[in-house]
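Undergrad: Below you will find the structure I want to go over with you.
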Amino acid sequence: MKSAIVGCGGISRVHAQVLSDADYTELVACADIRPERARERADKFGGRPYTDYLEMLDREKPDVLHICTPHSLHVPMALEALRRGVNVFMEKPAAISDEQFDQLLAAARESSAKVGVCFQNRFNPTTKAMRRLLAEGDSGQALGARAFVTWKREAPYYTESGWRGSLETEGGSALINQSIHTMDLLVHLLGTPVSVEATASNRHLVGVIETEDTLEACITFEGGARALFYATTAYAEDAPVLVEIVCEGRTIRFEGDELTVRGKDGSRRVETLQNVAAIGKSYWGSGHSACIGSFYASLRGEEEYPIGVEAVEKTMRLVFATYRSAREGRAIAL
Ligand SMILES: NC(=O)c1ccc[n+]([C@@H]2O[C@H](COP(=O)([O-])OP(=O)(O)OC[C@H]3O[C@@H](n4cnc5c(N)ncnc54)[C@H](O)[C@@H]3O)[C@@H](O)[C@H]2O)c1
């Protein structure tokens, strides 16, 4: 197969590394509006550099386009690829608004090409273990949950990017960028969200970003479990993500790669689940190669890629409802 990347910034390095290591595809081209970035990626990982991704699609005719650009460009670029019958593997978020998501959903349903979304944390060993434990009879019904993403992002992270911190190009910050994986895991673990009530604030970057650096939400799921969610980029370091679920029979949680199961009888089992070595920053998790490998296996017809557009709809609708709740100061039903 032939692969191409659009957007040659930070995360593209992880995609390029996975693709150049893989024996199932060849990286044939990289595009970025900054020519030096496209050239650097191509020199290091292979393929030809472009500044215009449409020219790249038309000349190279790749089987898969990896979209690693700013948030607002994900959907327009995916639509162009799908129109040409090119499969799309897109970085999160799948869209920055309900309207964009509707467009993506319609285009994915119409096209013969496939779309995969990069929610790589669903592939983490801790996530798989939590899913397994929740499905066991000993857990019983999930009653409630809490999730914390407390990370550190300072002004240059936003001011030097050209797109972060802007509602038009990023669509939000602490939620839709840094903690969207964790909100997705809550949906992946707890099921269908039915309502959300949230507040968003700017605790340390007033005058620097127009988006939120902190967001808290109370999410109610079908069956009544209530999840308390807190995300901030105003912390002193990138602390390990914590997700805890209280069930009738026991409480299960992960913090980073440490899994803890607390029984009602006072028992406590702690286990560190070995992640395969992460490519890139450790807090991105280690799932990119598993995620990308699974997408390509689905293109070969060997398995179903579990994170297509429809599989992320509940998460994306919840993200947009959370922002709406914060803006309007009221609970939003989903
Ligand atoms: N899955 C993860 O854990 C994870 C981690 C980091 C980033 N991301 C996502 O990856 C995406 C990119 O993030 P990043 O940190 O690499 O950003 P970045 O700013 O480092 O890179 C974006 C690149 O896109 C290029 N670009 C902008 N407009 C373009 C256009 N019209 N055509 C071609 N190239 C264009 C920019 O020049 C830049 O090089 C974001 O959606 C982000 O949320 C995902």
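Order determines the names: the first chain of the structure tokens is A, the second B, and so forth; residues in each chain are numbered 1 upward, and ligands are numbered 1 upward as they are shown.
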At a cut-off of 6 Å, using only C-alpha atoms, what residues contact stretch 145-151 of chain A? Leave out same-chain residues fewer than 5 positions from it and give the result as a list in words.
TA: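 In the requested form, the answer reads Ala227, Leu228, Phe229, Tyr230, Ala231, Thr232, Thr233, Tyr235, Glu237, Asp238, Ala239, Val241, Leu242, Val243, Glu244, Ile245 and Val246 of chain A.
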Undergrad: Output the selection as a short mmCIF file (atom, residue, chain, number, x, y, z; two decimals), in the first residue's frame - N, CA and C atoms for each residue.
TA:
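Result file part-v3.cif:
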data_model
loop_
_atom_site.label_atom_id
_atom_site.label_comp_id
_atom_site.auth_asym_id
_atom_site.auth_seq_id
_atom_site.Cartn_x
_atom_site.Cartn_y
_atom_site.Cartn_z
N ALA A 227 -20.32 10.65 35.92
CA ALA A 227 -18.85 10.79 35.83
C ALA A 227 -18.47 12.25 36.07
N LEU A 228 -17.49 12.44 36.97
CA LEU A 228 -16.97 13.78 37.24
C LEU A 228 -15.64 13.90 36.52
N PHE A 229 -15.55 14.91 35.67
CA PHE A 229 -14.43 15.02 34.73
C PHE A 229 -13.74 16.36 34.98
N TYR A 230 -12.41 16.33 35.08
CA TYR A 230 -11.67 17.57 35.32
C TYR A 230 -10.43 17.59 34.44
N ALA A 231 -10.30 18.63 33.63
CA ALA A 231 -9.12 18.73 32.76
C ALA A 231 -8.53 20.13 32.87
N THR A 232 -7.22 20.19 33.01
CA THR A 232 -6.57 21.50 33.04
C THR A 232 -5.19 21.42 32.41
N THR A 233 -4.74 22.54 31.86
CA THR A 233 -3.34 22.62 31.39
C THR A 233 -2.59 23.64 32.24
N TYR A 235 -1.50 22.94 35.34
CA TYR A 235 -0.80 22.22 36.41
C TYR A 235 0.71 22.40 36.28
N GLU A 237 3.02 19.96 36.01
CA GLU A 237 3.69 18.93 35.18
C GLU A 237 2.61 18.15 34.45
N ASP A 238 3.02 17.27 33.55
CA ASP A 238 2.07 16.38 32.88
C ASP A 238 1.89 15.15 33.76
N ALA A 239 0.93 15.23 34.68
CA ALA A 239 0.71 14.11 35.61
C ALA A 239 0.02 12.96 34.86
N VAL A 241 -2.66 10.39 33.71
CA VAL A 241 -4.13 10.49 33.68
C VAL A 241 -4.72 9.48 34.66
N LEU A 242 -5.76 9.91 35.37
CA LEU A 242 -6.45 9.03 36.32
C LEU A 242 -7.90 8.83 35.90
N VAL A 243 -8.32 7.58 35.82
CA VAL A 243 -9.74 7.27 35.60
C VAL A 243 -10.13 6.21 36.61
N GLU A 244 -11.18 6.50 37.38
CA GLU A 244 -11.64 5.55 38.42
C GLU A 244 -13.13 5.30 38.23
N ILE A 245 -13.52 4.04 38.30
CA ILE A 245 -14.94 3.70 38.16
C ILE A 245 -15.38 2.91 39.39
N VAL A 246 -16.40 3.45 40.06
CA VAL A 246 -16.96 2.77 41.23
C VAL A 246 -18.10 1.88 40.75
#
Undergrad: Which of stretch 119-275 of chain A counts as helix (DSSP H, G or I) under DSSP, as a ChimeraX atom specification please?
TA: /A:120-123,125-135,155-159,174-178,180-190
Undergrad: I'd like the contact shell of A:Val14 - 9 Å cut-off, only C-alpha atoms, skipping same-chain residues fewer than 2 positions apart - returned as an MDAnalysis selection string.
TA: chainID A and resid 10:12 16:19 279:280 288:289
Undergrad: Emit the selected residues as a PDB file, in the first residue's frame, including N, CA and C atoms.
TA:
ATOM      1  N   GLY A  10       4.533  18.245  15.030  1.00  0.00           N
ATOM      2  CA  GLY A  10       4.901  17.338  16.132  1.00  0.00           C
ATOM      3  C   GLY A  10       4.421  15.907  15.963  1.00  0.00           C
ATOM      4  N   ILE A  11       3.117  15.696  15.822  1.00  0.00           N
ATOM      5  CA  ILE A  11       2.596  14.319  15.858  1.00  0.00           C
ATOM      6  C   ILE A  11       2.905  13.547  14.584  1.00  0.00           C
ATOM      7  N   SER A  12       3.163  14.257  13.496  1.00  0.00           N
ATOM      8  CA  SER A  12       3.416  13.559  12.221  1.00  0.00           C
ATOM      9  C   SER A  12       4.656  12.670  12.329  1.00  0.00           C
ATOM     10  N   ALA A  16       4.971   9.034  10.835  1.00  0.00           N
ATOM     11  CA  ALA A  16       6.029   8.736   9.860  1.00  0.00           C
ATOM     12  C   ALA A  16       6.902   7.585  10.359  1.00  0.00           C
ATOM     13  N   GLN A  17       7.186   7.580  11.649  1.00  0.00           N
ATOM     14  CA  GLN A  17       8.011   6.498  12.220  1.00  0.00           C
ATOM     15  C   GLN A  17       7.293   5.151  12.094  1.00  0.00           C
ATOM     16  N   VAL A  18       6.011   5.134  12.469  1.00  0.00           N
ATOM     17  CA  VAL A  18       5.242   3.881  12.382  1.00  0.00           C
ATOM     18  C   VAL A  18       5.190   3.402  10.930  1.00  0.00           C
ATOM     19  N   LEU A  19       4.923   4.322   9.995  1.00  0.00           N
ATOM     20  CA  LEU A  19       4.785   3.929   8.583  1.00  0.00           C
ATOM     21  C   LEU A  19       6.114   3.472   8.000  1.00  0.00           C
ATOM     22  N   ILE A 279       6.282   5.913  21.150  1.00  0.00           N
ATOM     23  CA  ILE A 279       7.042   6.730  20.209  1.00  0.00           C
ATOM     24  C   ILE A 279       6.558   8.150  20.467  1.00  0.00           C
ATOM     25  N   GLY A 280       7.481   9.096  20.644  1.00  0.00           N
ATOM     26  CA  GLY A 280       7.058  10.461  20.938  1.00  0.00           C
ATOM     27  C   GLY A 280       6.888  10.634  22.429  1.00  0.00           C
ATOM     28  N   HIS A 288      -0.214   4.434  19.110  1.00  0.00           N
ATOM     29  CA  HIS A 288      -0.247   4.808  17.690  1.00  0.00           C
ATOM     30  C   HIS A 288       0.040   3.631  16.763  1.00  0.00           C
ATOM     31  N   SER A 289       1.076   2.843  17.084  1.00  0.00           N
ATOM     32  CA  SER A 289       1.416   1.783  16.131  1.00  0.00           C
ATOM     33  C   SER A 289       0.325   0.709  16.125  1.00  0.00           C
TER      34      SER A 289
END
Undergrad: Find the residues near ligand 1. Use a cut-off of 7 Å, count only C-alpha atoms and all ligand atoms, and write them as a list in words.
TA: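 The residues near ligand 1 are Val6, Gly7, Cys8, Gly9, Gly10, Ile11, Ser12, Ala31, Asp32, Ile33, Arg34, Arg37, Thr51, Asp52, Tyr53, Cys68, Thr69, Pro70, His71, Glu91, Lys92, Pro93, Cys118, Phe119, Gln120, Ser161, Asn177, Trp284 and Gly285 of chain A.
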Undergrad: Write the residues you've just listed into a file as a PDB file, in the first residue's frame, and include C-alpha atoms for each of them.
TA:
ATOM      1  CA  VAL A   6      -0.472  15.974   5.486  1.00  0.00           C
ATOM      2  CA  GLY A   7       0.778  18.226   8.291  1.00  0.00           C
ATOM      3  CA  CYS A   8       4.434  17.704   9.193  1.00  0.00           C
ATOM      4  CA  GLY A   9       4.503  19.066  12.747  1.00  0.00           C
ATOM      5  CA  GLY A  10       4.901  17.338  16.132  1.00  0.00           C
ATOM      6  CA  ILE A  11       2.596  14.319  15.858  1.00  0.00           C
ATOM      7  CA  SER A  12       3.416  13.559  12.221  1.00  0.00           C
ATOM      8  CA  ALA A  31       2.833  17.689   2.604  1.00  0.00           C
ATOM      9  CA  ASP A  32       3.067  20.843   4.666  1.00  0.00           C
ATOM     10  CA  ILE A  33       2.486  24.498   3.787  1.00  0.00           C
ATOM     11  CA  ARG A  34       5.916  25.053   5.352  1.00  0.00           C
ATOM     12  CA  ARG A  37       8.894  20.740   7.285  1.00  0.00           C
ATOM     13  CA  THR A  51       3.427  22.092  -0.141  1.00  0.00           C
ATOM     14  CA  ASP A  52      -0.051  21.454  -1.604  1.00  0.00           C
ATOM     15  CA  TYR A  53      -1.745  18.311  -0.288  1.00  0.00           C
ATOM     16  CA  CYS A  68      -1.939  15.546  11.111  1.00  0.00           C
ATOM     17  CA  THR A  69      -2.936  19.198  10.645  1.00  0.00           C
ATOM     18  CA  PRO A  70      -4.631  21.768  12.936  1.00  0.00           C
ATOM     19  CA  HIS A  71      -8.098  20.760  14.166  1.00  0.00           C
ATOM     20  CA  GLU A  91      -5.748  12.609  14.137  1.00  0.00           C
ATOM     21  CA  LYS A  92      -8.156  13.592  16.880  1.00  0.00           C
ATOM     22  CA  PRO A  93     -10.470  15.428  17.099  1.00  0.00           C
ATOM     23  CA  CYS A 118      -6.737   8.114  16.053  1.00  0.00           C
ATOM     24  CA  PHE A 119      -8.063   7.523  19.569  1.00  0.00           C
ATOM     25  CA  GLN A 120      -5.004   5.395  20.295  1.00  0.00           C
ATOM     26  CA  SER A 161       1.849  27.199  16.985  1.00  0.00           C
ATOM     27  CA  ASN A 177      -7.173  18.918  22.487  1.00  0.00           C
ATOM     28  CA  TRP A 284       0.528  10.477  24.170  1.00  0.00           C
ATOM     29  CA  GLY A 285       0.428   6.811  25.171  1.00  0.00           C
TER      30      GLY A 285
END
Undergrad: Could you tell me how far atom CA of A:Thr211 sits from atom CA of A:Ala326, in Å to one decimal place?
TA: 11.8 Å
Undergrad: DSSP on the backbone, strand (DSSP E or B) only: what residues of stretch 2-139 of chain A does that give? Format it as number ranges by chain.
TA: A: 2-6, 26-31, 48-50, 64-67, 87-91, 115-118
Undergrad: So how far away is atom CA of A:Gly116 from atom CA of A:Ile307, in Å?
TA: 5.9 Å
